[in-house]
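The file data_27.cif comes next; it holds mmCIF, N, CA and C atoms.
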data_my_file
loop_
_atom_site.label_atom_id
_atom_site.label_comp_id
_atom_site.auth_asym_id
_atom_site.auth_seq_id
_atom_site.Cartn_x
_atom_site.Cartn_y
_atom_site.Cartn_z
N MET A 6 -56.49 -8.24 -59.25
CA MET A 6 -55.77 -8.27 -58.03
C MET A 6 -56.70 -7.98 -56.88
N ASN A 7 -56.51 -8.79 -56.01
CA ASN A 7 -57.41 -8.73 -54.89
C ASN A 7 -56.68 -8.21 -53.65
N GLU A 8 -56.27 -6.99 -53.67
CA GLU A 8 -55.57 -6.39 -52.54
C GLU A 8 -56.54 -5.60 -51.70
N PRO A 9 -56.39 -5.70 -50.43
CA PRO A 9 -57.29 -4.91 -49.59
C PRO A 9 -56.94 -3.44 -49.68
N THR A 10 -57.88 -2.63 -49.56
CA THR A 10 -57.66 -1.18 -49.64
C THR A 10 -57.29 -0.65 -48.26
N LEU A 11 -56.89 0.57 -48.24
CA LEU A 11 -56.44 1.16 -47.00
C LEU A 11 -57.54 1.17 -45.94
N PRO A 12 -58.78 1.53 -46.27
CA PRO A 12 -59.79 1.48 -45.22
C PRO A 12 -60.02 0.07 -44.71
N ALA A 13 -59.77 -0.93 -45.51
CA ALA A 13 -59.99 -2.29 -45.04
C ALA A 13 -58.89 -2.69 -44.05
N LEU A 14 -57.71 -2.13 -44.19
CA LEU A 14 -56.63 -2.44 -43.25
C LEU A 14 -56.87 -1.78 -41.90
N MET A 15 -57.51 -0.67 -41.90
CA MET A 15 -57.78 0.04 -40.66
C MET A 15 -58.87 -0.68 -39.91
N ARG A 16 -58.66 -0.90 -38.70
CA ARG A 16 -59.68 -1.54 -37.89
C ARG A 16 -60.39 -0.51 -37.05
N ASP A 17 -61.50 -0.84 -36.71
CA ASP A 17 -62.27 0.05 -35.85
C ASP A 17 -61.85 -0.24 -34.42
N VAL A 18 -61.30 0.78 -33.74
CA VAL A 18 -60.80 0.60 -32.39
C VAL A 18 -61.96 0.32 -31.44
N ALA A 19 -63.09 0.82 -31.74
CA ALA A 19 -64.24 0.62 -30.85
C ALA A 19 -64.65 -0.84 -30.82
N THR A 20 -64.53 -1.54 -31.93
CA THR A 20 -64.95 -2.94 -31.96
C THR A 20 -63.87 -3.87 -31.43
N GLU A 21 -62.62 -3.55 -31.63
CA GLU A 21 -61.52 -4.40 -31.14
C GLU A 21 -60.58 -3.56 -30.27
N PRO A 22 -60.92 -3.31 -29.00
CA PRO A 22 -60.08 -2.41 -28.19
C PRO A 22 -58.73 -3.01 -27.78
N TYR A 23 -58.60 -4.33 -27.68
CA TYR A 23 -57.36 -4.95 -27.22
C TYR A 23 -56.52 -5.51 -28.34
N ALA A 24 -56.83 -5.24 -29.54
CA ALA A 24 -56.05 -5.75 -30.66
C ALA A 24 -54.76 -4.95 -30.78
N PRO A 25 -53.64 -5.60 -31.05
CA PRO A 25 -52.37 -4.86 -31.17
C PRO A 25 -52.39 -3.97 -32.40
N ALA A 26 -51.74 -2.85 -32.25
CA ALA A 26 -51.64 -1.92 -33.37
C ALA A 26 -50.61 -2.44 -34.34
N PRO A 27 -50.82 -2.18 -35.61
CA PRO A 27 -49.81 -2.66 -36.56
C PRO A 27 -48.48 -1.92 -36.36
N ALA A 28 -47.36 -2.67 -36.47
CA ALA A 28 -46.03 -2.09 -36.28
C ALA A 28 -45.09 -2.70 -37.29
N ALA A 29 -44.02 -2.02 -37.54
CA ALA A 29 -43.02 -2.54 -38.48
C ALA A 29 -42.27 -3.68 -37.80
N VAL A 30 -41.98 -4.69 -38.52
CA VAL A 30 -41.26 -5.85 -38.02
C VAL A 30 -39.85 -5.82 -38.58
N GLU A 31 -38.90 -6.02 -37.66
CA GLU A 31 -37.50 -6.05 -38.10
C GLU A 31 -37.04 -7.49 -38.03
N LEU A 32 -36.64 -8.03 -39.14
CA LEU A 32 -36.19 -9.41 -39.18
C LEU A 32 -34.73 -9.50 -38.75
N ALA A 33 -34.34 -10.66 -38.19
CA ALA A 33 -32.98 -10.85 -37.71
C ALA A 33 -31.99 -10.77 -38.85
N ALA A 34 -32.38 -11.20 -40.03
CA ALA A 34 -31.48 -11.16 -41.17
C ALA A 34 -31.23 -9.72 -41.64
N ASP A 35 -32.19 -8.82 -41.33
CA ASP A 35 -32.03 -7.43 -41.75
C ASP A 35 -31.03 -6.66 -40.90
N ARG A 36 -30.82 -7.08 -39.64
CA ARG A 36 -29.86 -6.36 -38.81
C ARG A 36 -28.53 -7.09 -38.77
N GLY A 37 -27.50 -6.36 -38.31
CA GLY A 37 -26.17 -6.96 -38.19
C GLY A 37 -26.06 -7.74 -36.88
N PRO A 38 -24.90 -8.31 -36.65
CA PRO A 38 -24.72 -9.08 -35.40
C PRO A 38 -24.75 -8.15 -34.17
N VAL A 39 -25.24 -8.70 -33.07
CA VAL A 39 -25.37 -7.96 -31.81
C VAL A 39 -24.42 -8.57 -30.79
N VAL A 40 -23.77 -7.71 -30.04
CA VAL A 40 -22.89 -8.17 -28.96
C VAL A 40 -23.41 -7.58 -27.66
N TRP A 41 -23.10 -8.24 -26.57
CA TRP A 41 -23.52 -7.77 -25.25
C TRP A 41 -22.31 -7.13 -24.57
N VAL A 42 -22.49 -5.91 -24.12
CA VAL A 42 -21.39 -5.17 -23.45
C VAL A 42 -21.92 -4.64 -22.12
N PRO A 43 -21.04 -4.44 -21.13
CA PRO A 43 -21.50 -3.89 -19.85
C PRO A 43 -21.76 -2.39 -19.97
N ASP A 44 -22.83 -1.94 -19.32
CA ASP A 44 -23.10 -0.50 -19.32
C ASP A 44 -22.44 0.13 -18.09
N ALA A 45 -22.78 1.39 -17.79
CA ALA A 45 -22.14 2.11 -16.69
C ALA A 45 -22.46 1.51 -15.33
N TYR A 46 -23.52 0.76 -15.24
CA TYR A 46 -23.92 0.18 -13.96
C TYR A 46 -23.55 -1.29 -13.84
N GLY A 47 -22.84 -1.83 -14.80
CA GLY A 47 -22.42 -3.22 -14.75
C GLY A 47 -23.40 -4.20 -15.36
N ARG A 48 -24.54 -3.72 -15.87
CA ARG A 48 -25.50 -4.61 -16.52
C ARG A 48 -25.08 -4.84 -17.96
N MET A 49 -25.38 -6.01 -18.46
CA MET A 49 -25.05 -6.32 -19.85
C MET A 49 -26.19 -5.85 -20.75
N VAL A 50 -25.84 -5.09 -21.77
CA VAL A 50 -26.84 -4.56 -22.71
C VAL A 50 -26.45 -4.93 -24.13
N PRO A 51 -27.46 -5.15 -25.01
CA PRO A 51 -27.11 -5.49 -26.40
C PRO A 51 -26.69 -4.23 -27.16
N MET A 52 -25.77 -4.42 -28.10
CA MET A 52 -25.28 -3.31 -28.92
C MET A 52 -24.88 -3.87 -30.28
N PRO A 53 -25.18 -3.16 -31.36
CA PRO A 53 -24.71 -3.64 -32.66
C PRO A 53 -23.18 -3.77 -32.67
N LYS A 54 -22.73 -4.80 -33.31
CA LYS A 54 -21.31 -5.10 -33.26
C LYS A 54 -20.46 -3.98 -33.86
N HIS A 55 -20.96 -3.32 -34.88
CA HIS A 55 -20.14 -2.27 -35.50
C HIS A 55 -20.05 -1.02 -34.62
N LEU A 56 -20.92 -0.88 -33.59
CA LEU A 56 -20.87 0.25 -32.68
C LEU A 56 -20.15 -0.07 -31.36
N ALA A 57 -19.87 -1.34 -31.15
CA ALA A 57 -19.24 -1.75 -29.89
C ALA A 57 -17.79 -1.27 -29.84
N PRO A 58 -17.28 -1.00 -28.63
CA PRO A 58 -15.86 -0.61 -28.53
C PRO A 58 -14.96 -1.77 -28.91
N PRO A 59 -13.76 -1.47 -29.36
CA PRO A 59 -12.87 -2.57 -29.74
C PRO A 59 -12.52 -3.42 -28.53
N PRO A 60 -12.28 -4.71 -28.76
CA PRO A 60 -11.94 -5.57 -27.62
C PRO A 60 -10.61 -5.14 -27.00
N MET A 61 -10.49 -5.40 -25.70
CA MET A 61 -9.27 -5.03 -24.98
C MET A 61 -8.11 -5.90 -25.44
N VAL A 62 -6.98 -5.27 -25.67
CA VAL A 62 -5.79 -6.02 -26.09
C VAL A 62 -5.22 -6.74 -24.87
N ARG A 63 -4.93 -8.00 -25.03
CA ARG A 63 -4.38 -8.79 -23.93
C ARG A 63 -2.98 -8.29 -23.61
N PRO A 64 -2.71 -7.94 -22.36
CA PRO A 64 -1.37 -7.44 -22.01
C PRO A 64 -0.35 -8.57 -22.05
N GLU A 65 0.89 -8.16 -22.21
CA GLU A 65 1.97 -9.16 -22.21
C GLU A 65 2.12 -9.71 -20.80
N PRO A 66 2.52 -10.96 -20.68
CA PRO A 66 2.69 -11.52 -19.33
C PRO A 66 3.79 -10.79 -18.58
N ARG A 67 3.53 -10.59 -17.29
CA ARG A 67 4.50 -9.87 -16.47
C ARG A 67 5.58 -10.81 -15.95
N ASP A 68 6.72 -10.21 -15.64
CA ASP A 68 7.81 -10.96 -15.02
C ASP A 68 7.53 -11.03 -13.52
N LEU A 69 7.26 -12.22 -13.01
CA LEU A 69 6.88 -12.38 -11.61
C LEU A 69 8.01 -12.91 -10.74
N THR A 70 9.25 -12.78 -11.20
CA THR A 70 10.36 -13.21 -10.35
C THR A 70 10.45 -12.28 -9.16
N PRO A 71 10.73 -12.80 -7.96
CA PRO A 71 10.76 -11.95 -6.78
C PRO A 71 11.91 -10.94 -6.84
N LEU A 72 11.63 -9.74 -6.38
CA LEU A 72 12.62 -8.68 -6.36
C LEU A 72 13.13 -8.49 -4.93
N PRO A 73 14.34 -7.95 -4.77
CA PRO A 73 14.82 -7.71 -3.40
C PRO A 73 13.94 -6.66 -2.72
N LEU A 74 13.89 -6.75 -1.39
CA LEU A 74 13.05 -5.82 -0.64
C LEU A 74 13.56 -4.38 -0.80
N LEU A 75 14.85 -4.20 -0.77
CA LEU A 75 15.47 -2.89 -0.99
C LEU A 75 16.42 -3.02 -2.17
N ASP A 76 16.53 -1.98 -2.95
CA ASP A 76 17.44 -2.06 -4.08
C ASP A 76 18.89 -2.08 -3.57
N PRO A 77 19.83 -2.55 -4.37
CA PRO A 77 21.21 -2.74 -3.90
C PRO A 77 21.86 -1.46 -3.38
N ILE A 78 21.59 -0.32 -3.98
CA ILE A 78 22.21 0.92 -3.52
C ILE A 78 21.69 1.27 -2.12
N ALA A 79 20.38 1.10 -1.91
CA ALA A 79 19.82 1.37 -0.58
C ALA A 79 20.38 0.39 0.45
N GLN A 80 20.61 -0.86 0.04
CA GLN A 80 21.20 -1.82 0.97
C GLN A 80 22.61 -1.39 1.36
N ARG A 81 23.39 -0.91 0.39
CA ARG A 81 24.75 -0.46 0.70
C ARG A 81 24.72 0.75 1.65
N LEU A 82 23.84 1.70 1.34
CA LEU A 82 23.76 2.89 2.21
C LEU A 82 23.33 2.51 3.62
N MET A 83 22.35 1.62 3.72
CA MET A 83 21.88 1.22 5.03
C MET A 83 22.97 0.45 5.78
N GLY A 84 23.69 -0.42 5.07
CA GLY A 84 24.77 -1.16 5.71
C GLY A 84 25.88 -0.23 6.19
N ALA A 85 26.19 0.78 5.38
CA ALA A 85 27.23 1.74 5.80
C ALA A 85 26.75 2.52 7.02
N GLY A 86 25.49 2.88 7.05
CA GLY A 86 24.97 3.61 8.21
C GLY A 86 25.00 2.78 9.46
N ILE A 87 24.58 1.52 9.36
CA ILE A 87 24.57 0.64 10.53
C ILE A 87 26.00 0.34 10.95
N GLY A 88 26.88 0.08 9.97
CA GLY A 88 28.28 -0.20 10.29
C GLY A 88 28.96 1.01 10.91
N GLY A 89 28.67 2.20 10.37
CA GLY A 89 29.25 3.41 10.94
C GLY A 89 28.76 3.65 12.36
N GLY A 90 27.47 3.38 12.60
CA GLY A 90 26.94 3.53 13.95
C GLY A 90 27.58 2.54 14.92
N ALA A 91 27.77 1.29 14.47
CA ALA A 91 28.42 0.30 15.32
C ALA A 91 29.87 0.69 15.59
N LEU A 92 30.55 1.21 14.55
CA LEU A 92 31.94 1.66 14.75
C LEU A 92 31.99 2.79 15.75
N ALA A 93 31.10 3.76 15.62
CA ALA A 93 31.10 4.89 16.55
C ALA A 93 30.79 4.42 17.97
N ALA A 94 29.86 3.49 18.11
CA ALA A 94 29.53 2.97 19.45
C ALA A 94 30.73 2.23 20.04
N GLY A 95 31.41 1.44 19.21
CA GLY A 95 32.58 0.71 19.71
C GLY A 95 33.71 1.64 20.11
N VAL A 96 33.95 2.67 19.29
CA VAL A 96 35.01 3.64 19.62
C VAL A 96 34.64 4.37 20.90
N GLY A 97 33.40 4.78 21.02
CA GLY A 97 32.97 5.48 22.23
C GLY A 97 33.10 4.60 23.46
N TYR A 98 32.74 3.33 23.33
CA TYR A 98 32.87 2.40 24.45
C TYR A 98 34.35 2.22 24.82
N GLY A 99 35.20 2.10 23.80
CA GLY A 99 36.63 1.92 24.07
C GLY A 99 37.23 3.14 24.74
N ILE A 100 36.86 4.33 24.29
CA ILE A 100 37.39 5.55 24.91
C ILE A 100 36.89 5.64 26.36
N GLY A 101 35.63 5.27 26.57
CA GLY A 101 35.09 5.29 27.93
C GLY A 101 35.82 4.32 28.84
N GLU A 102 36.14 3.15 28.32
CA GLU A 102 36.91 2.18 29.12
C GLU A 102 38.30 2.70 29.45
N ALA A 103 38.96 3.35 28.49
CA ALA A 103 40.30 3.90 28.74
C ALA A 103 40.24 5.01 29.78
N VAL A 104 39.25 5.87 29.69
CA VAL A 104 39.11 6.96 30.69
C VAL A 104 38.83 6.37 32.07
N ASN A 105 37.97 5.34 32.12
CA ASN A 105 37.69 4.70 33.41
C ASN A 105 38.94 4.06 33.99
N ALA A 106 39.73 3.43 33.14
CA ALA A 106 40.96 2.80 33.63
C ALA A 106 41.92 3.85 34.16
N LEU A 107 42.07 4.97 33.45
CA LEU A 107 42.96 6.04 33.93
C LEU A 107 42.43 6.63 35.23
N ALA A 108 41.11 6.80 35.35
CA ALA A 108 40.55 7.33 36.59
C ALA A 108 40.78 6.34 37.73
N GLY A 109 40.57 5.07 37.45
CA GLY A 109 40.81 4.06 38.48
C GLY A 109 42.27 3.98 38.88
N LEU A 110 43.15 4.10 37.87
CA LEU A 110 44.59 4.07 38.17
C LEU A 110 44.97 5.27 39.03
N GLY A 111 44.42 6.42 38.70
CA GLY A 111 44.74 7.62 39.48
C GLY A 111 44.23 7.53 40.90
N SER A 112 42.98 7.14 41.08
CA SER A 112 42.44 7.06 42.44
C SER A 112 43.09 5.92 43.21
N GLY A 113 43.38 4.82 42.53
CA GLY A 113 44.06 3.71 43.20
C GLY A 113 45.47 4.09 43.64
N ALA A 114 46.16 4.84 42.79
CA ALA A 114 47.51 5.28 43.15
C ALA A 114 47.46 6.23 44.33
N LEU A 115 46.46 7.09 44.38
CA LEU A 115 46.32 8.01 45.51
C LEU A 115 46.06 7.26 46.81
N VAL A 116 45.28 6.20 46.74
CA VAL A 116 45.03 5.39 47.94
C VAL A 116 46.33 4.75 48.42
N TRP A 117 47.12 4.22 47.50
CA TRP A 117 48.39 3.59 47.91
C TRP A 117 49.36 4.60 48.49
N VAL A 118 49.39 5.80 47.92
CA VAL A 118 50.27 6.84 48.47
C VAL A 118 49.81 7.23 49.87
N ALA A 119 48.49 7.37 50.07
CA ALA A 119 47.96 7.73 51.38
C ALA A 119 48.27 6.64 52.41
N LEU A 120 48.15 5.39 52.01
CA LEU A 120 48.47 4.29 52.93
C LEU A 120 49.96 4.29 53.29
N ALA A 121 50.81 4.58 52.31
CA ALA A 121 52.26 4.61 52.59
C ALA A 121 52.60 5.74 53.54
N VAL A 122 52.01 6.91 53.35
CA VAL A 122 52.28 8.04 54.24
C VAL A 122 51.80 7.72 55.65
N LEU A 123 50.61 7.14 55.78
CA LEU A 123 50.12 6.78 57.11
C LEU A 123 51.00 5.72 57.77
N ALA A 124 51.48 4.79 56.98
CA ALA A 124 52.33 3.74 57.54
C ALA A 124 53.66 4.31 58.01
N TRP A 125 54.22 5.26 57.31
CA TRP A 125 55.51 5.84 57.70
C TRP A 125 55.37 6.77 58.89
N ARG A 126 54.25 7.38 59.03
CA ARG A 126 54.07 8.31 60.14
C ARG A 126 53.61 7.60 61.40
N ALA A 127 53.12 6.40 61.30
CA ALA A 127 52.64 5.67 62.47
C ALA A 127 53.82 5.30 63.35
N PRO A 128 53.65 5.28 64.66
CA PRO A 128 54.76 4.89 65.55
C PRO A 128 55.08 3.40 65.38
N ALA A 129 56.27 3.07 65.68
CA ALA A 129 56.73 1.69 65.48
C ALA A 129 56.00 0.73 66.39
N ARG A 130 55.63 1.18 67.61
CA ARG A 130 54.92 0.28 68.52
C ARG A 130 53.54 -0.10 67.96
N ALA A 131 52.85 0.83 67.24
CA ALA A 131 51.54 0.52 66.68
C ALA A 131 51.66 -0.49 65.55
N VAL A 132 52.75 -0.41 64.80
CA VAL A 132 52.95 -1.35 63.71
C VAL A 132 53.33 -2.71 64.25
N ALA A 133 54.12 -2.73 65.37
CA ALA A 133 54.60 -3.99 65.95
C ALA A 133 53.47 -4.77 66.60
N GLY A 134 52.37 -4.13 66.93
CA GLY A 134 51.23 -4.86 67.49
C GLY A 134 51.08 -4.68 68.97
N ARG A 135 51.93 -3.88 69.68
CA ARG A 135 51.75 -3.65 71.11
C ARG A 135 50.54 -2.75 71.32
N ARG A 136 50.00 -2.84 72.53
CA ARG A 136 48.79 -2.09 72.79
C ARG A 136 49.11 -0.70 73.32
N GLY A 137 48.70 0.29 72.63
CA GLY A 137 48.73 1.66 73.09
C GLY A 137 50.10 2.22 73.43
N SER A 138 50.06 3.37 74.10
CA SER A 138 51.29 4.05 74.53
C SER A 138 51.15 4.45 76.00
N THR A 139 52.24 4.86 76.59
CA THR A 139 52.22 5.23 78.00
C THR A 139 51.73 6.65 78.13
N VAL A 140 50.75 6.82 79.04
CA VAL A 140 50.19 8.15 79.30
C VAL A 140 50.23 8.39 80.80
N ASN A 141 50.86 9.48 81.26
CA ASN A 141 50.92 9.85 82.67
C ASN A 141 49.73 10.73 82.98
N ILE A 142 48.94 10.33 83.97
CA ILE A 142 47.77 11.09 84.36
C ILE A 142 48.03 11.67 85.74
N ARG A 143 47.91 12.97 85.89
CA ARG A 143 48.06 13.65 87.17
C ARG A 143 46.67 13.87 87.72
N LYS A 144 46.50 13.42 88.94
CA LYS A 144 45.20 13.51 89.53
C LYS A 144 45.10 14.85 90.26
N ALA A 145 44.12 15.59 89.88
CA ALA A 145 43.90 16.87 90.52
C ALA A 145 42.48 16.92 91.03
N VAL A 146 42.27 17.30 92.25
CA VAL A 146 40.95 17.39 92.84
C VAL A 146 40.67 18.86 93.11
N ILE A 147 39.63 19.34 92.57
CA ILE A 147 39.23 20.72 92.78
C ILE A 147 37.84 20.69 93.42
N LYS A 148 37.78 21.29 94.66
CA LYS A 148 36.52 21.26 95.37
C LYS A 148 35.79 22.55 95.08
N ARG A 149 34.54 22.40 94.70
CA ARG A 149 33.69 23.54 94.49
C ARG A 149 32.48 23.40 95.40
N SER A 150 32.15 24.46 95.98
CA SER A 150 31.03 24.38 96.90
C SER A 150 29.69 24.60 96.23
N HIS A 151 29.67 25.17 95.14
CA HIS A 151 28.40 25.33 94.40
C HIS A 151 28.63 25.15 92.90
N PHE A 152 27.55 24.90 92.20
CA PHE A 152 27.62 24.57 90.77
C PHE A 152 27.22 25.80 89.99
N HIS A 153 28.06 26.14 89.03
CA HIS A 153 27.81 27.33 88.21
C HIS A 153 27.29 26.98 86.82
N GLY A 154 26.91 25.84 86.58
CA GLY A 154 26.24 25.50 85.37
C GLY A 154 26.94 24.92 84.30
#
What is this structure when it is put down as structure tokens?
Amino acid sequence: MNEPTLPALMRDVATEPYAPAPAAVELAADRGPVVWVPDAYGRMVPMPKHLAPPPMVRPEPRDLTPLPLLDPIAQRLMGAGIGGGALAAGVGYGIGEAVNALAGLGSGALVWVALAVLAWRAPARAVAGRRGSTVNIRKAVIKRSHFHG
């Protein structure tokens, strides 16, 4: 058998400084399958398949039918609140109109009563349209010799 001995395998580093050092070779058939997975920084790194995390389970499809903006109970509560506010505003407006009408009726009635009293107390000649009344003026002359202010 012609096998080289250990000293023959060793090379002299001084004579061959750039020669690669002997290393163990791993054949592809000797290792298992490799998968690429993202690391913490988002880079893809190789990892043996038996050490890789299990694949993510695909979620069930979601129901994408549109939903109401507010749920039905909230819609009812909001409608009752708005309706109650409108009812209160309408009642308040109606009461205000009734009070205004009563105030107007009262002040209007007072004006009519005042006009009737003035009409009954006025002399008949003023109502008939004649001008004025007779006034007797007595002329008196008082002579003063000086002015007292």
_Could you tell me how far atom N of Asp35 of chain A sits from atom C of Tyr23 of chain A, in Å to one decimal place?_
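Atom N of Asp35 of chain A lies 27.8 Å from atom C of Tyr23 of chain A.
Taking atom CA of Asp44 of chain A and atom CA of Arg63 of chain A as endpoints, the distance between them is 21.0 Å.
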*Please give the complete set of residues from segment 47-117 of chain A that DSSP, run on the backbone, assigns to strand (DSSP E or B), formatted as a count of residues only.*
5
*One decimal, Å: what's the distance from atom N of Pro58 of chain A over to atom N of Pro43 of chain A, could you say?*
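Atom-to-atom, atom N of Pro58 of chain A to atom N of Pro43 of chain A, that is 9.1 Å.
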Find the smallest box with edges along x, y and z containing every listed atom of segment 75-82 of chain A, then add 8 Å on each side and report centre and edge lengths in Å to one decimal, as JSON.
{"center_x": 19.8, "center_y": -0.7, "center_z": -0.4, "size_x": 25.9, "size_y": 23.1, "size_z": 24.0}
